[in-house]
Amino acid sequence: IIYECGDFLAQSPRFAEDATITYADVDLDRIEQDRSRDATWSQNAADYADVVRKVRVVEFSRQSAQTPLQYRVVAKRPYVPAAKDELDQRCYECYNIQVSGLVQRMRSSGLKKLVIGVSGGLDSTHALLVCVQALDKLKLPRSNCLAYTMPGFATGEATKSYATELMRRLGVTAHELDIRPSCEVMLRDLGHPYAKGEPVYDVTFENVQAGERTNHLFRLANHQNAFVVGTGDLSELALGWCTYGVGDHMSHYGVNASVPKSLIQCVIQWVIDSDFVGPEANDVLSKILSVEISPEL
């Protein structure tokens, strides 16, 4: 039997009459990292020292050259169960944990309103669904969700129209806030080449827009006696694909912070199949799911 950090990899035939060889691809880097983070294995080794001493040890030299996997299948979407029943249960758990967490946050804060930015992409769409469901559970009007679509310099008409239509069909309080004028002021203050008409679209150009969106959302929350619901997912946070500080990295409560983007797709589809928000909203959700994932979404 071959295990790796408690995960089963391979096993020899149970009733083989001839000698057999059992083999598997073992991730030694994973084991090394696990050992460095978790010291409980050394305690187990001490507790079972007599048993460990009887284990035959085979020494080998580790090759530094990378070799392709031969006996190991890596799941394309490791956070998404392949079996439909298991996937449905995972989506149910994920969605209700998010909704319950937001409900508890609203109760503990005493605030009755939510502010959220909606781009028309997967993350903000899912976060908006969680907001609507939380308000329903609290028996508060959906109009207490103050949703803003904030087009920038490269906002596409399709995603913008999806955001506008979804907000309308869900019955939240919808607004459009163009951030381009305020971004132009900041870029001009920074002396950025774009302010002089040059086609420079660097990290500063991108982060000025992310920062302006977040800045507006926080000030709107102050003004409306609400708190900002974050939309960034676990995949973006893990990869660093977000604007640190005053950007999409920050919110008062991030409902998607522990959910990978691949699972968010599945949860939205599960919401459609469960018919939580009605056929009109489901139609927009299906269009959003059909858009290929990109860095902007």
# chains A, B, ... in the order shown; residues from 1 in each chain; ligands from 1

call {"tool": "residues_around", "arguments": {"residues": "Leu239 (chain A)", "least_positions_apart": "3", "cutoff": "12 Å", "atoms": "only C-alpha atoms", "output": "list in words"}}
result
Gly232, Asp233, Leu234, Ser235, Glu236, Cys242, Thr243, His249, Pro260, Lys261 and Pro295 of chain A

call {"tool": "select_by_dssp", "arguments": {"residues": "region 33-142 of chain A", "states": "helix (DSSP H, G or I)", "output": "PyMOL selection string"}}
result
chain A and resi 33-37+40-47+49-53+84-109+122-137+142

call {"tool": "select_by_dssp", "arguments": {"residues": "region 69-194 of chain A", "states": "strand (DSSP E or B)", "output": "list in words"}}
result
Leu114, Val115, Ile116, Gly117, Cys145, Leu146, Ala147, Tyr148, Thr149, Thr173, Ala174, His175 and Glu176 of chain A

call {"tool": "residues_around", "arguments": {"residues": "Ala154 (chain A)", "least_positions_apart": "4", "cutoff": "12 Å", "atoms": "only C-alpha atoms", "output": "VMD selection string"}}
result
chain A and resid 119 150 158 to 160 178 to 180 201 205 to 206 209 296

call {"tool": "write_last_selection", "arguments": {"atoms": "N, CA, C and O atoms", "output": "tab-separated table (two decimals), in the first residue's frame"}}
result
chain	number	residue	atom	x	y	z
A	119	SER	N	-19.65	43.48	-11.42
A	119	SER	CA	-18.98	43.66	-12.72
A	119	SER	C	-19.66	42.90	-13.84
A	119	SER	O	-19.43	43.20	-15.02
A	150	MET	N	-19.54	49.67	-11.96
A	150	MET	CA	-18.63	50.81	-12.05
A	150	MET	C	-17.71	50.66	-13.27
A	150	MET	O	-16.58	50.16	-13.15
A	158	ALA	N	-20.91	43.75	-22.95
A	158	ALA	CA	-21.64	42.53	-22.61
A	158	ALA	C	-21.71	42.32	-21.11
A	158	ALA	O	-22.79	42.14	-20.53
A	159	THR	N	-20.53	42.35	-20.44
A	159	THR	CA	-20.52	42.12	-18.99
A	159	THR	C	-21.25	43.24	-18.25
A	159	THR	O	-21.93	42.99	-17.24
A	160	LYS	N	-21.12	44.46	-18.75
A	160	LYS	CA	-21.83	45.59	-18.12
A	160	LYS	C	-23.34	45.38	-18.23
A	160	LYS	O	-24.09	45.61	-17.25
A	178	ASP	N	-19.74	55.71	-13.01
A	178	ASP	CA	-18.60	55.75	-13.93
A	178	ASP	C	-17.35	56.24	-13.19
A	178	ASP	O	-17.31	57.38	-12.70
A	179	ILE	N	-16.34	55.38	-13.08
A	179	ILE	CA	-15.13	55.75	-12.33
A	179	ILE	C	-14.09	56.44	-13.19
A	179	ILE	O	-13.06	56.90	-12.68
A	180	ARG	N	-14.33	56.52	-14.48
A	180	ARG	CA	-13.31	57.07	-15.37
A	180	ARG	C	-12.92	58.52	-15.06
A	180	ARG	O	-11.72	58.85	-15.06
A	201	TYR	N	-0.71	51.02	-20.50
A	201	TYR	CA	-1.68	50.31	-19.67
A	201	TYR	C	-0.94	49.39	-18.69
A	201	TYR	O	-1.08	48.17	-18.74
A	205	PHE	N	-1.89	51.85	-14.05
A	205	PHE	CA	-3.14	52.13	-14.76
A	205	PHE	C	-4.26	51.21	-14.28
A	205	PHE	O	-5.39	51.65	-14.04
A	206	GLU	N	-3.94	49.92	-14.09
A	206	GLU	CA	-4.94	48.96	-13.64
A	206	GLU	C	-5.33	49.19	-12.17
A	206	GLU	O	-6.51	49.16	-11.81
A	209	GLN	N	-7.73	52.03	-11.20
A	209	GLN	CA	-9.14	51.71	-11.39
A	209	GLN	C	-9.67	50.82	-10.26
A	209	GLN	O	-10.76	51.07	-9.71
A	296	GLU	N	-10.11	39.66	-16.05
A	296	GLU	CA	-11.04	40.71	-15.64
A	296	GLU	C	-12.26	40.14	-14.92
A	296	GLU	O	-12.96	40.86	-14.23

call {"tool": "closest_residue", "arguments": {"among": "A:Gly240, A:Glu198, A:Asn256, A:Asp273", "to": "Val130 (chain A)", "atoms": "only C-alpha atoms"}}
result
A:Asn256

call {"tool": "closest_residue", "arguments": {"among": "A:Pro181, A:Arg77, A:Leu217, A:Gly110", "to": "Leu146 (chain A)", "atoms": "only C-alpha atoms"}}
result
A:Leu217

call {"tool": "atom_distance", "arguments": {"atom1": "CA of Gly247 (chain A)", "atom2": "CA of Thr214 (chain A)"}}
result
5.3 Å

call {"tool": "closest_residue", "arguments": {"among": "A:Asp136, A:Glu184, A:Asp38, A:Glu86", "to": "Phe276 (chain A)", "atoms": "only C-alpha atoms"}}
result
A:Asp136

call {"tool": "closest_residue", "arguments": {"among": "A:Ala127, A:Leu28, A:Ala147, A:Ala75", "to": "Val99 (chain A)", "atoms": "only C-alpha atoms"}}
result
A:Ala127

call {"tool": "residues_around", "arguments": {"residues": "Cys5 (chain A)", "least_positions_apart": "6", "cutoff": "9 Å", "atoms": "only C-alpha atoms", "output": "PyMOL selection string"}}
result
chain A and resi 30-31+34

call {"tool": "write_last_selection", "arguments": {"atoms": "all heavy atoms", "output": "PDB file, in the first residue's frame"}}
result
ATOM      1  N   ARG A  30       5.587  17.909  -1.585  1.00  0.00           N
ATOM      2  CA  ARG A  30       4.410  18.044  -0.727  1.00  0.00           C
ATOM      3  C   ARG A  30       4.686  17.458   0.658  1.00  0.00           C
ATOM      4  O   ARG A  30       4.325  18.053   1.674  1.00  0.00           O
ATOM      5  CB  ARG A  30       3.215  17.339  -1.366  1.00  0.00           C
ATOM      6  CG  ARG A  30       1.946  17.437  -0.529  1.00  0.00           C
ATOM      7  CD  ARG A  30       0.880  16.501  -1.030  1.00  0.00           C
ATOM      8  NE  ARG A  30      -0.309  16.548  -0.177  1.00  0.00           N
ATOM      9  CZ  ARG A  30      -1.284  15.650  -0.193  1.00  0.00           C
ATOM     10  NH1 ARG A  30      -1.207  14.623  -1.007  1.00  0.00           N
ATOM     11  NH2 ARG A  30      -2.322  15.769   0.616  1.00  0.00           N
ATOM     12  N   ILE A  31       5.327  16.308   0.687  1.00  0.00           N
ATOM     13  CA  ILE A  31       5.637  15.675   1.967  1.00  0.00           C
ATOM     14  C   ILE A  31       6.593  16.541   2.777  1.00  0.00           C
ATOM     15  O   ILE A  31       6.414  16.727   3.990  1.00  0.00           O
ATOM     16  CB  ILE A  31       6.243  14.276   1.737  1.00  0.00           C
ATOM     17  CG1 ILE A  31       5.209  13.352   1.085  1.00  0.00           C
ATOM     18  CG2 ILE A  31       6.735  13.674   3.053  1.00  0.00           C
ATOM     19  CD1 ILE A  31       5.748  12.004   0.689  1.00  0.00           C
ATOM     20  N   ASP A  34       4.712  19.442   4.156  1.00  0.00           N
ATOM     21  CA  ASP A  34       3.820  18.993   5.215  1.00  0.00           C
ATOM     22  C   ASP A  34       4.595  18.757   6.514  1.00  0.00           C
ATOM     23  O   ASP A  34       4.128  19.109   7.600  1.00  0.00           O
ATOM     24  CB  ASP A  34       3.117  17.706   4.774  1.00  0.00           C
ATOM     25  CG  ASP A  34       2.088  17.238   5.786  1.00  0.00           C
ATOM     26  OD1 ASP A  34       1.036  17.901   5.901  1.00  0.00           O
ATOM     27  OD2 ASP A  34       2.345  16.236   6.472  1.00  0.00           O
TER      28      ASP A  34
END

call {"tool": "residues_around", "arguments": {"residues": "Val80 (chain A)", "least_positions_apart": "4", "cutoff": "10 Å", "atoms": "only C-alpha atoms", "output": "ChimeraX atom specification"}}
result
/A:75-76,84,86-87,90-91,260,262-266

call {"tool": "residues_around", "arguments": {"residues": "Val74 (chain A)", "least_positions_apart": "6", "cutoff": "12 Å", "atoms": "only C-alpha atoms", "output": "VMD selection string"}}
result
chain A and resid 9 25 27 68

call {"tool": "closest_residue", "arguments": {"among": "A:Leu285, A:Val246, A:Leu69, A:Ala83", "to": "Thr125 (chain A)", "atoms": "only C-alpha atoms"}}
result
A:Leu285
